[in-house]
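Novice: Encoded as structure tokens, here's the structure I'll be asking about.
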Amino acid sequence: MDMLMTNATVTEEELVDRAKKGDVGAFEALYRANSGRVYGLCLRMTGNVAEAEDLVQEAFVRAWQKLNLFRGESAFSTWLHRLTVNLALTNRRSHARRVARVTVTDDLAPYERETAAPQAGLRADLEQAIASLPEGARRVFVLHDVEGYRHAEIASIMGLAVGTTKAQLHRARRLLREALA
Amino acid sequence: MNTCDEIQLLMNDRIDGLLDSESARMIDEHLAACDSCREELAMLARVLEEAHELPAGIEPDRDLWPDIRARIERAPAVVPFAPRAGHLLRNVFALAAMAAMVFGLLTLRQVPPAIAPPVAELTEMQKIEADYRKAKDDLLAVLREQQDGLPPDTLAAVEESLGAIESAVHDLQTALNTAPGDSRLERMLAATYRNEVSLLEQTVRLASEADAVQR
């Protein structure tokens, strides 16, 4: 594993090939390269640290189990991102059935660590405001305005009409404007 | 004259570039005359600019890898089939899987959706899932021991067909998460599970026969 981590010449493609053959060390290198991106997505989609950690673990376990389905038609990180989005959406639905009300995070530390710039305070406020959004509005806002998905893609992934995702996005933006005004 | 509420709804489409030029012009005219809407638009633009500039990655508080590693070491490993060309067998397996799928769909058409209460079907689905996972794990374990006896083309064809079936399973599971308890989707998923187990059984049989010949 250490050798993989320190050898800059090992490409993502090679790591994927090794992992497909059962090389856990290669898969760890893929985890190290992608964990921040996946965790950021999960944290924003859930607004909850513990749930985001569970989702990250689940995403990488699923990726390991489904690695033989990855054909290399896109970057591994793109495939993993899509897998995580699907998982976050399905997981939220099942979680919502178990828990009547989602507890959003008041802990800004995870966000503030990543924002050393002068506007860190504003970004942390925005992160907290996103975490406080209602679930549907938050998911659509994160996918559209943070991750850059289009309405048609979001509607397809979430099994909703485009009009519904637009309405959720408008709601999210209005609530964020009010929260940050 | 549009109200501010109407304008603020359209502002989202305006800022996303989704309005035709006539609607955009109408909004711009309103904004030129309305301080309140102009402020709302400026605030919206600021929020979106910040959202676009949020860092993509956030490092977790703790290292999650040890837990992931423990789980993947317990989980069934990736089937290490070597990818090779095998058009004839691949087509045979794909057709077999497709035929089984069509058969499953035809069977579904003959069963009224409301034949059993949703609660009973969910319980049944859970049993089917458990049976499927056990059968799949057992067959994969056998296959991993015997796969060397199979021709590479066969392995490649099986791998590809399994990939297609697992994609179908994933899509159906995603659809079921959107519509939990949908009895038609559950039956389609159960049929797809049967296809996968059937394909694995055929492959194990072939591998066993090849193994016996080599001995």
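Every chain in the structure tokens takes a letter, A first, then B, and so on in the order presented; its residues are numbered from 1, and the ligands are numbered from 1 following the presented order.
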Mind checking which residues fall within 12 Å of Ala70 in chain B, counting only C-alpha atoms, ignoring those fewer than 5 positions away in the same chain, and posting them as JSON, numbers by chain?
Specialist: {"A": [24, 28, 57, 60, 61], "B": [64, 65, 75]}
Novice: Could you give me, as a PyMOL selection string, the residues within 7 Å of Cys37 in chain B, counting only C-alpha atoms and dropping anything in the same chain fewer than 3 positions from it?
Specialist: chain B and resi 4+8+31+34+40-41
Novice: Using only C-alpha atoms, which residues of chain A come within 6 Å of chain B, and what is the closest atom pair for each, with the distance in Å to one decimal? Give it as a Markdown table, sorted by chain and residue number.
Specialist:
| residue | atom | partner | partner_atom | distance |
| --- | --- | --- | --- | --- |
| A:Lys21 | CA | B:Pro80 | CA | 5.4 |
| A:Gly36 | CA | B:Gly57 | CA | 4.4 |
| A:Arg37 | CA | B:Gly57 | CA | 4.0 |
| A:Gly40 | CA | B:Ile58 | CA | 4.6 |
| A:Gln57 | CA | B:Ile68 | CA | 5.5 |
| A:Val61 | CA | B:Ile72 | CA | 5.9 |
| A:Gln65 | CA | B:Val78 | CA | 5.8 |
| A:Leu69 | CA | B:Gly163 | CA | 5.6 |
| A:Thr90 | CA | B:Asn177 | CA | 5.7 |
| A:Val146 | CA | B:His52 | CA | 5.4 |
Novice: With a distance cut-off of 8 Å and only C-alpha atoms, select the neighbouring residues of range 41-44 of chain A, excluding the residue or stretch itself and same-chain residues fewer than 6 positions from it, and output the selection as a list in words.
Specialist: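 So, after excluding close chain neighbours, the residues are Glu51, Ala52, Glu53, Leu55, Val56, Thr84, Val85, Ala88, Glu127, Ile130, Ala131, Arg138 and Val142 of chain A; Ala56 and Gly57 of chain B.
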Novice: CA of Pro151 in chain B and CA of Arg205 in chain B are how many Å apart?
Specialist: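 Separation of CA of Pro151 in chain B and CA of Arg205 in chain B: 13.5 Å.
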Novice: Just the residues within 8 Å of Glu13 in chain A, please, counting only C-alpha atoms, with nothing from its chain fewer than 4 positions along; format it as JSON, numbers by chain.
Specialist: {"A": [17, 72, 76]}
Novice: Restrict the selected residues to N, CA and C atoms and save them as a tab-separated table (two decimals), in the first residue's frame.
Specialist:
chain	number	residue	atom	x	y	z
A	17	ASP	N	-7.49	-1.43	-12.30
A	17	ASP	CA	-7.22	-2.78	-12.81
A	17	ASP	C	-6.77	-3.71	-11.68
A	72	GLY	N	-14.56	1.65	-17.50
A	72	GLY	CA	-13.56	2.65	-17.86
A	72	GLY	C	-14.02	3.62	-18.93
A	76	PHE	N	-12.80	6.93	-13.10
A	76	PHE	CA	-13.29	6.21	-11.92
A	76	PHE	C	-13.99	7.18	-10.98
Novice: Measuring atom to atom with only C-alpha atoms, identify which of A:Phe27, A:Tyr149, A:Trp64, A:Phe141 is nearest to Ala129 in chain A.
Specialist: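 Among the listed residues, the smallest separation from Ala129 in chain A belongs to A:Phe141.
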Novice: Env of Ala155 in chain A: 9 Å cut, atoms = only C-alpha atoms, seq-sep filter 6 positions within chain, self excluded. Answer as a list in words.
Specialist: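 Counting only C-alpha atoms, the residues come to Ala161, Val162, Gly163, Thr164 and Thr165 of chain A.
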